[in-house]
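The structure under discussion appears below in the form of structure tokens.
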Amino acid sequence: KNEVEQSPQNLTAQEGEFITINCSYSVGISALHWLQQHPGGGIVSLFMLSSGKKKHGRLIATINIQEKHSSLHITASHPRDSAVYICAVRANDKIIFGKGTRLHILP
Amino acid sequence: GAVVSQHPSWVICKSGTSVKIECRSLDFQATTMFWYRQFPKQSLMLMATSNEGSKATYEQGVEKDKFLINHASLTLSTLTVTSAHPEDSSFYICSARDPTNEKLFFGSGTQLSVL
């Protein structure tokens, strides 16, 4: 079993829909990152969380340390949000990545 | 603008040659940088953790003699793929940790193709 599990693996939605991507982990962590990888490969760090909730524009990230679970939400989704979203946790100074969620927003 | 610069973006080389990839932090001094590899449609895999002024820490299964990492300054880490073979063809990406806020910033990646 992977130490970081993401769901769903693939998600196709219509423009404007509310999107939720989930991440569960099984190790003790000091921080959790949500990353966005575009088709060209470039990676952007969206959020770093150690507790609670963060919001940036249309993106919201939450984490529940007790349940070892985090969610990334996208409100009013747009085709430009199409990308792979990756959950990564920092555990003992190592970084463990989920396999990513491939999001495709249709116009 | 980018705070971590990775160069080159892509490289094609012949089997047996060595390739150097550079990762620079532009806006902060990165005591720790990370190198990752990603095969098509697979997740990122951490290869090694690079600490300024000391030897890199390699993940299990990563050959340290093949993937030479040098972190000679607080703003530069290099990954050299020595005697590259076609199976080394992959997407390599670095990240740097800003010690003032623990945030990670990623380079734009290097697509290596070994013929």
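Within each chain, counting starts at residue 1; across the structure tokens, chains are named A, B, ... in the order shown, with ligands numbered 1 upward in that order.
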
What's around segment 19-29 of chain B at 7 Å? Count only C-alpha atoms, leave out sequence neighbours fewer than 4 positions away in its own chain, and write the answer as an MDAnalysis selection string. chainID B and resid 3:8 74:82 94 96 98 107

Only residues of chain B matter here; which ones have an atom within 9 Å of chain A, counting only C-alpha atoms? Give them as an NGL selection string. :B and (34 or 41-46 or 49 or 91 or 93 or 102-111)

Which residues, written as a PyMOL selection string, have at least one atom at most 9 Å from Glu52 of chain B, with only C-alpha atoms counted and residues fewer than 3 positions away on the same chain left out? chain B and resi 30-33+55-56+70-77

Would you give me, as number ranges by chain, the residues in chain B that DSSP reads as strand (DSSP E)? B: 4-7, 10-13, 19-25, 32-38, 45-51, 57-58, 67-73, 76-81, 90-97, 104-106, 110-114

With a distance cut-off of 10 Å and only C-alpha atoms, select the neighbouring residues of segment 3-10 of chain A, excluding the residue or stretch itself and same-chain residues fewer than 5 positions from it, and output the selection as a short mmCIF file (atom, residue, chain, number, x, y, z; two decimals) with N, CA and C atoms, in the first residue's frame.
```cif
data_model
loop_
_atom_site.label_atom_id
_atom_site.label_comp_id
_atom_site.auth_asym_id
_atom_site.auth_seq_id
_atom_site.Cartn_x
_atom_site.Cartn_y
_atom_site.Cartn_z
N THR A 20 -13.19 18.40 -6.10
CA THR A 20 -12.52 17.96 -4.88
C THR A 20 -11.56 16.82 -5.19
N ILE A 21 -10.35 16.97 -4.74
CA ILE A 21 -9.33 15.93 -4.87
C ILE A 21 -8.89 15.56 -3.45
N ASN A 22 -8.80 14.29 -3.20
CA ASN A 22 -8.50 13.81 -1.85
C ASN A 22 -7.12 13.18 -1.75
N CYS A 23 -6.55 13.29 -0.56
CA CYS A 23 -5.23 12.72 -0.30
C CYS A 23 -5.23 12.13 1.11
N SER A 24 -4.89 10.86 1.21
CA SER A 24 -4.76 10.20 2.51
C SER A 24 -3.34 9.69 2.65
N TYR A 25 -2.81 9.74 3.85
CA TYR A 25 -1.45 9.30 4.06
C TYR A 25 -1.38 8.46 5.34
N SER A 26 -0.36 7.66 5.42
CA SER A 26 -0.29 6.70 6.51
C SER A 26 0.92 6.91 7.42
N VAL A 27 1.68 7.96 7.16
CA VAL A 27 2.88 8.22 7.96
C VAL A 27 2.71 9.52 8.73
N LYS A 68 -5.44 12.03 9.09
CA LYS A 68 -4.40 11.88 8.06
C LYS A 68 -5.01 12.00 6.67
N HIS A 69 -5.67 13.11 6.48
CA HIS A 69 -6.39 13.33 5.23
C HIS A 69 -6.36 14.81 4.86
N SER A 70 -6.23 15.04 3.57
CA SER A 70 -6.26 16.41 3.06
C SER A 70 -7.11 16.45 1.80
N SER A 71 -7.73 17.58 1.57
CA SER A 71 -8.50 17.77 0.34
C SER A 71 -8.09 19.07 -0.33
N VAL A 84 -2.23 18.01 -13.70
CA VAL A 84 -2.12 16.93 -12.72
C VAL A 84 -1.87 17.55 -11.35
N TYR A 85 -2.66 17.17 -10.39
CA TYR A 85 -2.52 17.70 -9.03
C TYR A 85 -1.91 16.61 -8.16
N ILE A 86 -0.86 16.98 -7.49
CA ILE A 86 -0.07 16.00 -6.74
C ILE A 86 -0.05 16.39 -5.26
N CYS A 87 -0.30 15.40 -4.44
CA CYS A 87 -0.19 15.57 -2.99
C CYS A 87 1.18 15.02 -2.57
N ALA A 88 1.89 15.77 -1.78
CA ALA A 88 3.20 15.32 -1.31
C ALA A 88 3.32 15.61 0.17
N VAL A 89 3.85 14.65 0.91
CA VAL A 89 3.99 14.85 2.35
C VAL A 89 5.46 14.84 2.72
N ILE A 96 7.37 12.35 0.14
CA ILE A 96 6.69 11.21 -0.48
C ILE A 96 5.53 11.76 -1.30
N PHE A 97 5.48 11.32 -2.55
CA PHE A 97 4.48 11.85 -3.46
C PHE A 97 3.34 10.87 -3.68
N GLY A 98 2.14 11.41 -3.83
CA GLY A 98 1.05 10.62 -4.35
C GLY A 98 1.22 10.46 -5.85
N LYS A 99 0.40 9.63 -6.45
CA LYS A 99 0.52 9.37 -7.89
C LYS A 99 -0.11 10.46 -8.74
N GLY A 100 -0.81 11.36 -8.09
CA GLY A 100 -1.39 12.47 -8.84
C GLY A 100 -2.81 12.21 -9.29
N THR A 101 -3.53 13.29 -9.49
CA THR A 101 -4.88 13.25 -10.03
C THR A 101 -4.88 14.07 -11.31
N ARG A 102 -5.24 13.41 -12.39
CA ARG A 102 -5.28 14.10 -13.68
C ARG A 102 -6.65 14.73 -13.86
N LEU A 103 -6.68 16.05 -13.86
CA LEU A 103 -7.94 16.80 -13.95
C LEU A 103 -8.09 17.39 -15.34
N HIS A 104 -9.25 17.18 -15.92
CA HIS A 104 -9.56 17.75 -17.23
C HIS A 104 -10.88 18.49 -17.13
#
```

Please provide as a PyMOL selection string all residues within 12 Å of Ile105 of chain A, with the sequence filter that same-chain residues fewer than 4 positions apart are discarded (counting only C-alpha atoms). chain A and resi 10-19+74-84

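In this structure, atom CA of Val62 of chain B sits 21.5 Å away from atom CA of Trp10 of chain B.
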
In Å to one decimal, how far is atom CA of Ile12 of chain B from atom CA of Ser113 of chain B?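 Interatomic distance, atom CA of Ser113 of chain B to atom CA of Ile12 of chain B: 4.8 Å.
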
Using only C-alpha atoms, determine which residues lie at most 10 Å from Ser89 of chain B, disregarding the query and same-chain residues fewer than 6 positions distant; provide the list as an NGL selection string. :B and (11-13 or 37-39 or 111-115)

Applying 10 Å and only C-alpha atoms, which residues near Gln60 of chain B remain after dropping the ones on its own chain fewer than 3 positions away? List them as number ranges by chain. B: 46-48, 57, 63-64

When you draw a straight line from atom CA of His56 of chain A to atom CA of Thr100 of chain B, how long is it in Å?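 It comes out at 20.7 Å.
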